[in-house]
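A.B. asks: Can you read through this structure? Questions will come right after.
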Amino acid sequence: MKLTKKRLAIVTAAATLVTAGIFGGTYAKYHTETLPTTDNARLAKFYLNSENTLDLFKTEYTNATGIGADVKNDGSDAKNLIAPNVTTTQNLTFKVATEVKSELTFQGLTIETNLPTDLQPYISVSINGTRYTLADLKASVTPVTYTVATVPAGQTATDYQVPLGFTWELDNSDTVDAKETAAAIAQAGNPSAGYYLEVTGQASLTQID
């Protein structure tokens with residue numbers, strides 16, 4: 001009888017453990033997972049390049065008559081020249097490729113010169129058709145700028161042009177003509193360290209809303 005009672009106790013204990021596992025939640029839980037998901041991107045393109053250099057000045061100029069040169073370097077050096085009776089133009093080209101909405105701005109022309117100040121009001125450069133004398137540009141605290149274009153997002157490589165020009169009129173007043181002549185004579189006496197004009201142009205590309 002004792003043996004039989006012991007076996008009954010063991011069976012009862014085992015049944016108790018199984019019952020606890022089914023109804024007590026210690027052995028089984030609901031569980032599920034989604035499949036992995038990934039996203040990626042590359043950096044948007046943003047590019048500005050000057051495809052040609054500022055090339056207003058030449059060693060030789062021929063005006064509308066086309067009969068011989070009006071101004072020409074004598075071959076003593078290879079430098080470009082400026083003088084009365086010179087008019088020259090150029091389209092300065094900038095290439096833009098951008099994937100963000102942007103604004104292309106011409107930052108203006110910076111002037112460096114030691115030409116006599118009383119001649120500078122009679123020498124001019126033009127930016128997009130608007131003329132400015134050297135005196136105006138040198139007196140300005142900031143360069144004259146203008147917006148070339150608003151460039152849309154997704155723009156493939158496209159050329160934008162900035163029309164530039166230089167003019168030194170042939171005929172001015174007798175007083176001015178005399179001063180121009182005096183400056184040219186002085187240049188002949190010291191051509192390597194004489195009068196000069198340096199013009200620098202620059203553009204910028206800026207992301208906008």
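Here's how to read the names in the structure tokens: chain A, B, ... by the order shown, residue numbers from 1 in each chain, ligand numbers from 1 in the order shown.
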I need the strand (DSSP E) residues of region 56-132 of chain A per DSSP on the backbone, written as a ChimeraX atom specification.
C.D. replies: /A:60-61,71-72,86-98,102-113,123-127,130-132
A.B. asks: Please provide the set of residues having any atom within 12 Å of region 64-77 of chain A, restricted to only C-alpha atoms, with same-chain residues fewer than 2 positions apart removed, written as a PDB file with C-alpha atoms, in the first residue's frame.
C.D. replies:
ATOM      1  CA  PHE A  57      41.736  92.443 -74.473  1.00  0.00           C
ATOM      2  CA  LYS A  58      43.803  91.664 -77.567  1.00  0.00           C
ATOM      3  CA  THR A  59      47.161  92.473 -79.104  1.00  0.00           C
ATOM      4  CA  GLU A  60      45.340  93.880 -82.153  1.00  0.00           C
ATOM      5  CA  TYR A  61      41.968  95.537 -82.831  1.00  0.00           C
ATOM      6  CA  THR A  62      40.204  96.264 -86.100  1.00  0.00           C
ATOM      7  CA  LYS A  79      51.059  91.958 -74.073  1.00  0.00           C
ATOM      8  CA  ASN A  80      47.487  92.964 -74.850  1.00  0.00           C
ATOM      9  CA  LEU A  81      46.799  96.629 -75.524  1.00  0.00           C
ATOM     10  CA  ILE A  82      44.191  99.252 -74.676  1.00  0.00           C
ATOM     11  CA  ALA A  83      43.967 102.674 -76.292  1.00  0.00           C
ATOM     12  CA  PRO A  84      41.466 105.214 -77.548  1.00  0.00           C
ATOM     13  CA  ASN A  85      39.446 103.831 -80.469  1.00  0.00           C
ATOM     14  CA  VAL A  86      39.133 100.357 -78.939  1.00  0.00           C
ATOM     15  CA  THR A  87      35.802  98.572 -78.533  1.00  0.00           C
ATOM     16  CA  THR A  88      35.717  94.876 -77.708  1.00  0.00           C
ATOM     17  CA  TRP A 168      37.599 103.683 -75.001  1.00  0.00           C
ATOM     18  CA  LEU A 170      38.400 107.899 -79.969  1.00  0.00           C
ATOM     19  CA  ALA A 188      56.560 104.703 -74.747  1.00  0.00           C
ATOM     20  CA  PRO A 191      56.584 100.357 -71.420  1.00  0.00           C
ATOM     21  CA  SER A 192      57.450  97.582 -68.935  1.00  0.00           C
TER      22      SER A 192
END
A.B. asks: Could you pull out the residues in region 33-173 of chain A that DSSP calls alpha helix (DSSP H) from the backbone, as a list in words?
C.D. replies: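 Selecting the alpha helix (DSSP H) positions of region 33-173 of chain A gives Leu134, Ala135, Asp136, Leu137, Lys138 and Ala139 of chain A.
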A.B. asks: Within 9 Å of Glu51 (chain A), counting only C-alpha atoms, which residues show up once you throw out same-chain ones fewer than 6 positions away? Write them as a ChimeraX atom specification, please.
C.D. replies: /A:92-95,159
A.B. asks: Keeping only N, CA and C atoms, write the selected residues as a compact mmCIF listing (two decimals), in the first residue's frame.
C.D. replies:
# COMPACT_ATOMS: atom_id res chain seq x y z
N LEU A 92 31.21 85.79 -71.62
CA LEU A 92 31.87 84.93 -70.63
C LEU A 92 30.90 83.81 -70.27
N THR A 93 31.33 82.56 -70.44
CA THR A 93 30.44 81.41 -70.31
C THR A 93 30.68 80.66 -69.01
N PHE A 94 29.59 80.30 -68.34
CA PHE A 94 29.65 79.49 -67.13
C PHE A 94 28.76 78.26 -67.32
N LYS A 95 29.29 77.09 -67.03
CA LYS A 95 28.52 75.86 -67.16
C LYS A 95 27.98 75.46 -65.79
N ASP A 159 25.09 75.82 -70.49
CA ASP A 159 25.91 77.03 -70.54
C ASP A 159 25.05 78.27 -70.33
A.B. asks: Choose the residue, out of A:Arg42, A:Lys179, A:Lys29, A:Arg131, that has the smallest atom-to-atom separation from Leu119 (chain A); count only C-alpha atoms.
C.D. replies: A:Lys179
A.B. asks: May I ask for the distance between CA of Ile123 (chain A) and CA of Leu137 (chain A), given in Å to one decimal place?
C.D. replies: 10.8 Å
A.B. asks: Work out how far apart CA of Asn172 (chain A) and CA of Ser126 (chain A) are and give it in Å to one decimal.
C.D. replies: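 We find that CA of Asn172 (chain A) and CA of Ser126 (chain A) lie 19.0 Å from each other.
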